[in-house]
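Here is the structure we will look at.
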Amino acid sequence: TQARLVTFAGNGTDGIYIYGAQLEADSYATSYIPTYGTAATRVKETATKSGISTLIGQTEGTIFLDFELQTSSDDIVLMNLYQSSATANSFYFYVTTSNVLYAYCFNTSTQADINGGAIALGRHKIALSYALNDLALYIDGQLAGVDISSTIPTCDAMRLIDYQPAQTYLEKTEINQALLYTTRLTNAELETLTSYTSWTAMVNALNLNIINNV
């Protein structure tokens, strides 16, 4: 109101025009959904890029993801590398309804399904390094699982935030960074890459004494 009041009881004369109001069955607001006077379903959010075979290691490589899991209600695929002509041939990270994180590799048939264990809501850094018969999954600086009997799929596309098996899952997950390496990083490099979600976390984990220089 003109007097910047939070509430207004009304006086039978003055009023207010509201445009673009939006109500959603969730605990947070999404972007504007044009409804044109009738109920509408919001299209899922994804980021997809094809034609990037030169950016994806075809015989070896590393997939890194920095994300924040803010809620969980259904299976969600966080990141997916795949072959455009045979989309089943792929790598992907996914989280189940019980917050268990998996790294999956499929090349004509299932090659690896590494169980990384349950993760808490919040920010995480994960990485999967791969080469023939040599897969390693790291989660937040820790080795979470390996596979020593996998062939490597040929991939030429990437997708961030996709849903499995349906598109009706309302998920609020933020992707902070996604990286692709064309070499299989060493386990020591994976540990470093996925360690410490913040400066404070590193200080606490290493029990460091911080000296402020003026």
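Naming scheme: A, B, ... for chains in displayed order of the structure tokens; residues 1 onward per chain; ligands 1 onward as shown.
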
Contacts of A:Thr186 at 10 Å or less, counting only C-alpha atoms, minus same-chain residues fewer than 3 places along, as a PDB file with all heavy atoms, in the first residue's frame?
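Done, and the output landed in selection_27.pdb:
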```pdb
ATOM      1  N   THR A  62      36.852 -38.792 -17.349  1.00  0.00           N
ATOM      2  CA  THR A  62      36.360 -38.523 -16.003  1.00  0.00           C
ATOM      3  C   THR A  62      35.154 -37.593 -16.098  1.00  0.00           C
ATOM      4  O   THR A  62      35.171 -36.628 -16.872  1.00  0.00           O
ATOM      5  CB  THR A  62      37.443 -37.868 -15.125  1.00  0.00           C
ATOM      6  OG1 THR A  62      38.577 -38.745 -15.041  1.00  0.00           O
ATOM      7  CG2 THR A  62      36.919 -37.592 -13.716  1.00  0.00           C
ATOM      8  N   SER A 129      35.683 -41.804 -12.792  1.00  0.00           N
ATOM      9  CA  SER A 129      36.731 -41.988 -13.789  1.00  0.00           C
ATOM     10  C   SER A 129      36.546 -43.344 -14.437  1.00  0.00           C
ATOM     11  O   SER A 129      36.182 -44.315 -13.771  1.00  0.00           O
ATOM     12  CB  SER A 129      38.117 -41.894 -13.147  1.00  0.00           C
ATOM     13  OG  SER A 129      38.608 -40.576 -13.198  1.00  0.00           O
ATOM     14  N   ALA A 136      36.032 -45.934 -11.228  1.00  0.00           N
ATOM     15  CA  ALA A 136      36.136 -45.542  -9.822  1.00  0.00           C
ATOM     16  C   ALA A 136      35.208 -44.372  -9.557  1.00  0.00           C
ATOM     17  O   ALA A 136      35.218 -43.385 -10.287  1.00  0.00           O
ATOM     18  CB  ALA A 136      37.574 -45.166  -9.469  1.00  0.00           C
ATOM     19  N   THR A 183      40.721 -37.803 -19.953  1.00  0.00           N
ATOM     20  CA  THR A 183      41.641 -38.795 -19.394  1.00  0.00           C
ATOM     21  C   THR A 183      41.062 -39.350 -18.103  1.00  0.00           C
ATOM     22  O   THR A 183      40.242 -38.700 -17.441  1.00  0.00           O
ATOM     23  CB  THR A 183      43.026 -38.191 -19.104  1.00  0.00           C
ATOM     24  OG1 THR A 183      42.871 -37.086 -18.200  1.00  0.00           O
ATOM     25  CG2 THR A 183      43.682 -37.709 -20.380  1.00  0.00           C
ATOM     26  N   GLU A 189      43.899 -37.758  -7.658  1.00  0.00           N
ATOM     27  CA  GLU A 189      43.312 -36.564  -8.269  1.00  0.00           C
ATOM     28  C   GLU A 189      41.805 -36.516  -8.039  1.00  0.00           C
ATOM     29  O   GLU A 189      41.238 -35.442  -7.807  1.00  0.00           O
ATOM     30  CB  GLU A 189      43.622 -36.536  -9.764  1.00  0.00           C
ATOM     31  CG  GLU A 189      45.092 -36.276 -10.068  1.00  0.00           C
ATOM     32  CD  GLU A 189      45.432 -36.460 -11.522  1.00  0.00           C
ATOM     33  OE1 GLU A 189      44.829 -37.340 -12.187  1.00  0.00           O
ATOM     34  OE2 GLU A 189      46.323 -35.736 -12.021  1.00  0.00           O
ATOM     35  N   LEU A 190      41.144 -37.678  -8.078  1.00  0.00           N
ATOM     36  CA  LEU A 190      39.707 -37.729  -7.810  1.00  0.00           C
ATOM     37  C   LEU A 190      39.403 -37.320  -6.378  1.00  0.00           C
ATOM     38  O   LEU A 190      38.422 -36.626  -6.105  1.00  0.00           O
ATOM     39  CB  LEU A 190      39.176 -39.129  -8.080  1.00  0.00           C
ATOM     40  CG  LEU A 190      39.208 -39.618  -9.528  1.00  0.00           C
ATOM     41  CD1 LEU A 190      38.762 -41.063  -9.600  1.00  0.00           C
ATOM     42  CD2 LEU A 190      38.342 -38.751 -10.419  1.00  0.00           C
ATOM     43  N   GLU A 191      40.242 -37.764  -5.453  1.00  0.00           N
ATOM     44  CA  GLU A 191      40.052 -37.405  -4.047  1.00  0.00           C
ATOM     45  C   GLU A 191      40.132 -35.899  -3.859  1.00  0.00           C
ATOM     46  O   GLU A 191      39.296 -35.292  -3.182  1.00  0.00           O
ATOM     47  CB  GLU A 191      41.102 -38.099  -3.187  1.00  0.00           C
ATOM     48  CG  GLU A 191      40.982 -37.773  -1.705  1.00  0.00           C
ATOM     49  CD  GLU A 191      42.033 -38.479  -0.872  1.00  0.00           C
ATOM     50  OE1 GLU A 191      42.715 -39.380  -1.393  1.00  0.00           O
ATOM     51  OE2 GLU A 191      42.180 -38.108   0.319  1.00  0.00           O
ATOM     52  N   THR A 192      41.142 -35.289  -4.496  1.00  0.00           N
ATOM     53  CA  THR A 192      41.301 -33.840  -4.391  1.00  0.00           C
ATOM     54  C   THR A 192      40.148 -33.107  -5.064  1.00  0.00           C
ATOM     55  O   THR A 192      39.610 -32.135  -4.524  1.00  0.00           O
ATOM     56  CB  THR A 192      42.631 -33.409  -5.032  1.00  0.00           C
ATOM     57  OG1 THR A 192      43.710 -34.053  -4.362  1.00  0.00           O
ATOM     58  CG2 THR A 192      42.812 -31.897  -4.933  1.00  0.00           C
TER      59      THR A 192
END
```

Next item on the list: May I have the residues within 12 Å of A:Ser50 as a list in words, using only C-alpha atoms and disregarding those fewer than 4 positions away in the same chain?
Entry: Thr54, Leu55, Ile56, Asn80, Leu81, Tyr82, Gln83, Ser84, Ser85, Thr87, Cys155, Asp156, Ala157, Met158, Arg159 and Leu160 of chain A

Note to self: One number please: atom CA of A:Tyr196 to atom CA of A:Ile148, in Å, one decimal.
What the structure shows: 27.4 Å

Give me the residues near A:Leu137 as an mmCIF file with all heavy atoms, in the first residue's frame, where near means some atom within 10 Å (using only C-alpha atoms) and where sequence neighbours in that chain fewer than 5 positions away do not count.
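Ended up saving to selection22.cif:
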```
data_model
loop_
_atom_site.group_PDB
_atom_site.id
_atom_site.type_symbol
_atom_site.label_atom_id
_atom_site.label_comp_id
_atom_site.auth_asym_id
_atom_site.auth_seq_id
_atom_site.Cartn_x
_atom_site.Cartn_y
_atom_site.Cartn_z
ATOM 1 N N THR A 62 36.852 -38.792 -17.349
ATOM 2 C CA THR A 62 36.360 -38.523 -16.003
ATOM 3 C C THR A 62 35.154 -37.593 -16.098
ATOM 4 O O THR A 62 35.171 -36.628 -16.872
ATOM 5 C CB THR A 62 37.443 -37.868 -15.125
ATOM 6 O OG1 THR A 62 38.577 -38.745 -15.041
ATOM 7 C CG2 THR A 62 36.919 -37.592 -13.716
ATOM 8 N N ILE A 63 34.134 -37.885 -15.321
ATOM 9 C CA ILE A 63 32.919 -37.074 -15.246
ATOM 10 C C ILE A 63 32.829 -36.507 -13.832
ATOM 11 O O ILE A 63 32.860 -37.265 -12.856
ATOM 12 C CB ILE A 63 31.667 -37.915 -15.542
ATOM 13 C CG1 ILE A 63 31.833 -38.715 -16.839
ATOM 14 C CG2 ILE A 63 30.424 -37.046 -15.600
ATOM 15 C CD1 ILE A 63 30.835 -39.844 -16.984
ATOM 16 N N PHE A 64 32.720 -35.186 -13.721
ATOM 17 C CA PHE A 64 32.663 -34.527 -12.407
ATOM 18 C C PHE A 64 31.384 -33.717 -12.296
ATOM 19 O O PHE A 64 30.954 -33.069 -13.249
ATOM 20 C CB PHE A 64 33.865 -33.599 -12.221
ATOM 21 C CG PHE A 64 33.758 -32.700 -11.022
ATOM 22 C CD1 PHE A 64 34.046 -33.174 -9.744
ATOM 23 C CD2 PHE A 64 33.361 -31.374 -11.158
ATOM 24 C CE1 PHE A 64 33.940 -32.343 -8.633
ATOM 25 C CE2 PHE A 64 33.248 -30.540 -10.068
ATOM 26 C CZ PHE A 64 33.543 -31.025 -8.793
ATOM 27 N N TYR A 102 24.018 -43.588 -7.233
ATOM 28 C CA TYR A 102 24.600 -44.622 -8.080
ATOM 29 C C TYR A 102 25.325 -43.992 -9.263
ATOM 30 O O TYR A 102 24.921 -42.934 -9.753
ATOM 31 C CB TYR A 102 23.525 -45.556 -8.641
ATOM 32 C CG TYR A 102 22.951 -46.547 -7.660
ATOM 33 C CD1 TYR A 102 21.897 -46.184 -6.824
ATOM 34 C CD2 TYR A 102 23.442 -47.851 -7.589
ATOM 35 C CE1 TYR A 102 21.355 -47.105 -5.929
ATOM 36 C CE2 TYR A 102 22.907 -48.771 -6.696
ATOM 37 C CZ TYR A 102 21.870 -48.393 -5.872
ATOM 38 O OH TYR A 102 21.334 -49.298 -4.996
ATOM 39 N N ALA A 103 26.374 -44.672 -9.726
ATOM 40 C CA ALA A 103 27.009 -44.358 -11.005
ATOM 41 C C ALA A 103 26.778 -45.554 -11.915
ATOM 42 O O ALA A 103 27.075 -46.698 -11.536
ATOM 43 C CB ALA A 103 28.494 -44.105 -10.823
ATOM 44 N N ILE A 114 27.409 -48.857 -9.814
ATOM 45 C CA ILE A 114 28.165 -48.690 -8.578
ATOM 46 C C ILE A 114 27.314 -47.983 -7.537
ATOM 47 O O ILE A 114 26.847 -46.861 -7.747
ATOM 48 C CB ILE A 114 29.460 -47.897 -8.820
ATOM 49 C CG1 ILE A 114 30.313 -48.588 -9.882
ATOM 50 C CG2 ILE A 114 30.239 -47.736 -7.527
ATOM 51 C CD1 ILE A 114 31.549 -47.805 -10.285
ATOM 52 N N ASN A 115 27.111 -48.629 -6.401
ATOM 53 C CA ASN A 115 26.330 -48.077 -5.291
ATOM 54 C C ASN A 115 27.247 -47.234 -4.425
ATOM 55 O O ASN A 115 28.147 -47.753 -3.766
ATOM 56 C CB ASN A 115 25.713 -49.225 -4.481
ATOM 57 C CG ASN A 115 24.827 -48.744 -3.355
ATOM 58 O OD1 ASN A 115 24.959 -47.619 -2.880
ATOM 59 N ND2 ASN A 115 23.920 -49.593 -2.908
ATOM 60 N N GLY A 116 26.998 -45.913 -4.420
ATOM 61 C CA GLY A 116 27.825 -45.015 -3.630
ATOM 62 C C GLY A 116 27.311 -44.797 -2.217
ATOM 63 O O GLY A 116 27.924 -44.046 -1.453
ATOM 64 N N ILE A 126 31.003 -35.143 -6.795
ATOM 65 C CA ILE A 126 31.170 -36.540 -7.170
ATOM 66 C C ILE A 126 31.938 -36.624 -8.485
ATOM 67 O O ILE A 126 31.894 -35.693 -9.306
ATOM 68 C CB ILE A 126 29.809 -37.262 -7.302
ATOM 69 C CG1 ILE A 126 28.931 -36.590 -8.368
ATOM 70 C CG2 ILE A 126 29.093 -37.311 -5.968
ATOM 71 C CD1 ILE A 126 27.591 -37.282 -8.590
ATOM 72 N N ALA A 127 32.646 -37.726 -8.679
ATOM 73 C CA ALA A 127 33.396 -37.918 -9.907
ATOM 74 C C ALA A 127 33.469 -39.400 -10.229
ATOM 75 O O ALA A 127 33.636 -40.233 -9.334
ATOM 76 C CB ALA A 127 34.800 -37.332 -9.796
ATOM 77 N N LEU A 128 33.352 -39.706 -11.506
ATOM 78 C CA LEU A 128 33.507 -41.071 -12.000
ATOM 79 C C LEU A 128 34.598 -41.069 -13.057
ATOM 80 O O LEU A 128 34.480 -40.395 -14.078
ATOM 81 C CB LEU A 128 32.201 -41.584 -12.617
ATOM 82 C CG LEU A 128 32.278 -42.994 -13.228
ATOM 83 C CD1 LEU A 128 32.412 -44.046 -12.133
ATOM 84 C CD2 LEU A 128 31.058 -43.276 -14.099
ATOM 85 N N SER A 129 35.683 -41.804 -12.792
ATOM 86 C CA SER A 129 36.731 -41.988 -13.789
ATOM 87 C C SER A 129 36.546 -43.344 -14.437
ATOM 88 O O SER A 129 36.182 -44.315 -13.771
ATOM 89 C CB SER A 129 38.117 -41.894 -13.147
ATOM 90 O OG SER A 129 38.608 -40.576 -13.198
ATOM 91 N N TYR A 130 36.817 -43.400 -15.738
ATOM 92 C CA TYR A 130 36.560 -44.648 -16.448
ATOM 93 C C TYR A 130 37.634 -44.933 -17.492
ATOM 94 O O TYR A 130 38.220 -44.034 -18.102
ATOM 95 C CB TYR A 130 35.185 -44.612 -17.121
ATOM 96 C CG TYR A 130 34.989 -43.487 -18.112
ATOM 97 C CD1 TYR A 130 35.339 -43.644 -19.464
ATOM 98 C CD2 TYR A 130 34.462 -42.268 -17.715
ATOM 99 C CE1 TYR A 130 35.160 -42.619 -20.377
ATOM 100 C CE2 TYR A 130 34.279 -41.234 -18.621
ATOM 101 C CZ TYR A 130 34.632 -41.411 -19.948
ATOM 102 O OH TYR A 130 34.474 -40.399 -20.851
ATOM 103 N N GLN A 142 35.890 -39.264 -0.902
ATOM 104 C CA GLN A 142 36.029 -40.651 -0.482
ATOM 105 C C GLN A 142 35.757 -41.605 -1.646
ATOM 106 O O GLN A 142 34.835 -41.374 -2.437
ATOM 107 C CB GLN A 142 35.059 -40.965 0.664
ATOM 108 C CG GLN A 142 35.254 -40.124 1.913
ATOM 109 C CD GLN A 142 36.566 -40.412 2.603
ATOM 110 O OE1 GLN A 142 36.990 -41.571 2.681
ATOM 111 N NE2 GLN A 142 37.212 -39.375 3.119
ATOM 112 N N LEU A 143 36.547 -42.677 -1.731
ATOM 113 C CA LEU A 143 36.286 -43.716 -2.718
ATOM 114 C C LEU A 143 35.005 -44.434 -2.331
ATOM 115 O O LEU A 143 34.914 -45.030 -1.261
ATOM 116 C CB LEU A 143 37.447 -44.705 -2.780
ATOM 117 C CG LEU A 143 37.276 -45.890 -3.742
ATOM 118 C CD1 LEU A 143 37.156 -45.403 -5.183
ATOM 119 C CD2 LEU A 143 38.447 -46.865 -3.595
ATOM 120 N N ALA A 144 34.001 -44.385 -3.212
ATOM 121 C CA ALA A 144 32.693 -44.960 -2.899
ATOM 122 C C ALA A 144 32.476 -46.311 -3.562
ATOM 123 O O ALA A 144 31.610 -47.075 -3.133
ATOM 124 C CB ALA A 144 31.584 -43.994 -3.321
ATOM 125 N N GLY A 145 33.235 -46.618 -4.622
ATOM 126 C CA GLY A 145 33.051 -47.896 -5.284
ATOM 127 C C GLY A 145 33.888 -47.990 -6.547
ATOM 128 O O GLY A 145 34.314 -46.970 -7.109
ATOM 129 N N VAL A 146 34.135 -49.225 -6.990
ATOM 130 C CA VAL A 146 34.904 -49.468 -8.207
ATOM 131 C C VAL A 146 34.235 -50.568 -9.019
ATOM 132 O O VAL A 146 33.389 -51.313 -8.513
ATOM 133 C CB VAL A 146 36.364 -49.878 -7.899
ATOM 134 C CG1 VAL A 146 37.088 -48.784 -7.137
ATOM 135 C CG2 VAL A 146 36.392 -51.192 -7.113
ATOM 136 N N ASP A 147 34.638 -50.667 -10.274
ATOM 137 C CA ASP A 147 34.230 -51.780 -11.124
ATOM 138 C C ASP A 147 35.410 -52.121 -12.016
ATOM 139 O O ASP A 147 36.049 -51.216 -12.583
ATOM 140 C CB ASP A 147 33.015 -51.422 -11.971
ATOM 141 C CG ASP A 147 32.501 -52.621 -12.748
ATOM 142 O OD1 ASP A 147 33.003 -52.854 -13.869
ATOM 143 O OD2 ASP A 147 31.622 -53.335 -12.238
ATOM 144 N N ASN A 187 43.256 -41.823 -8.787
ATOM 145 C CA ASN A 187 42.412 -41.801 -7.590
ATOM 146 C C ASN A 187 42.797 -40.651 -6.664
ATOM 147 O O ASN A 187 41.939 -40.057 -6.011
ATOM 148 C CB ASN A 187 42.511 -43.132 -6.858
ATOM 149 C CG ASN A 187 41.719 -44.229 -7.553
ATOM 150 O OD1 ASN A 187 41.246 -44.048 -8.680
ATOM 151 N ND2 ASN A 187 41.559 -45.360 -6.895
ATOM 152 N N LEU A 190 41.144 -37.678 -8.078
ATOM 153 C CA LEU A 190 39.707 -37.729 -7.810
ATOM 154 C C LEU A 190 39.403 -37.320 -6.378
ATOM 155 O O LEU A 190 38.422 -36.626 -6.105
ATOM 156 C CB LEU A 190 39.176 -39.129 -8.080
ATOM 157 C CG LEU A 190 39.208 -39.618 -9.528
ATOM 158 C CD1 LEU A 190 38.762 -41.063 -9.600
ATOM 159 C CD2 LEU A 190 38.342 -38.751 -10.419
ATOM 160 N N GLU A 191 40.242 -37.764 -5.453
ATOM 161 C CA GLU A 191 40.052 -37.405 -4.047
ATOM 162 C C GLU A 191 40.132 -35.899 -3.859
ATOM 163 O O GLU A 191 39.296 -35.292 -3.182
ATOM 164 C CB GLU A 191 41.102 -38.099 -3.187
ATOM 165 C CG GLU A 191 40.982 -37.773 -1.705
ATOM 166 C CD GLU A 191 42.033 -38.479 -0.872
ATOM 167 O OE1 GLU A 191 42.715 -39.380 -1.393
ATOM 168 O OE2 GLU A 191 42.180 -38.108 0.319
#
```

Checklist line | Minimum-distance residue to A:Thr71, chosen among A:Thr173, A:Thr151, A:Gln58, A:Thr41 (using only C-alpha atoms) | finding: A:Thr173

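When only C-alpha atoms are used to measure the gap to A:Ala88, the shortest distance among A:Ala118, A:Cys105, A:Leu65, A:Leu179 belongs to A:Cys105.
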
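One finds atom CA of A:Thr59 at 20.4 Å from atom CA of A:Ala188.
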
Next item on the list: Work out how far atom CA of A:Lys125 is from atom CA of A:Ser53, in Å to one decimal.
Entry: 23.9 Å

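For the choices A:Gln177, A:Ile119, A:Val77, A:Arg184, the atom-to-atom distance to A:Leu135 is smallest for A:Arg184 when using only C-alpha atoms.
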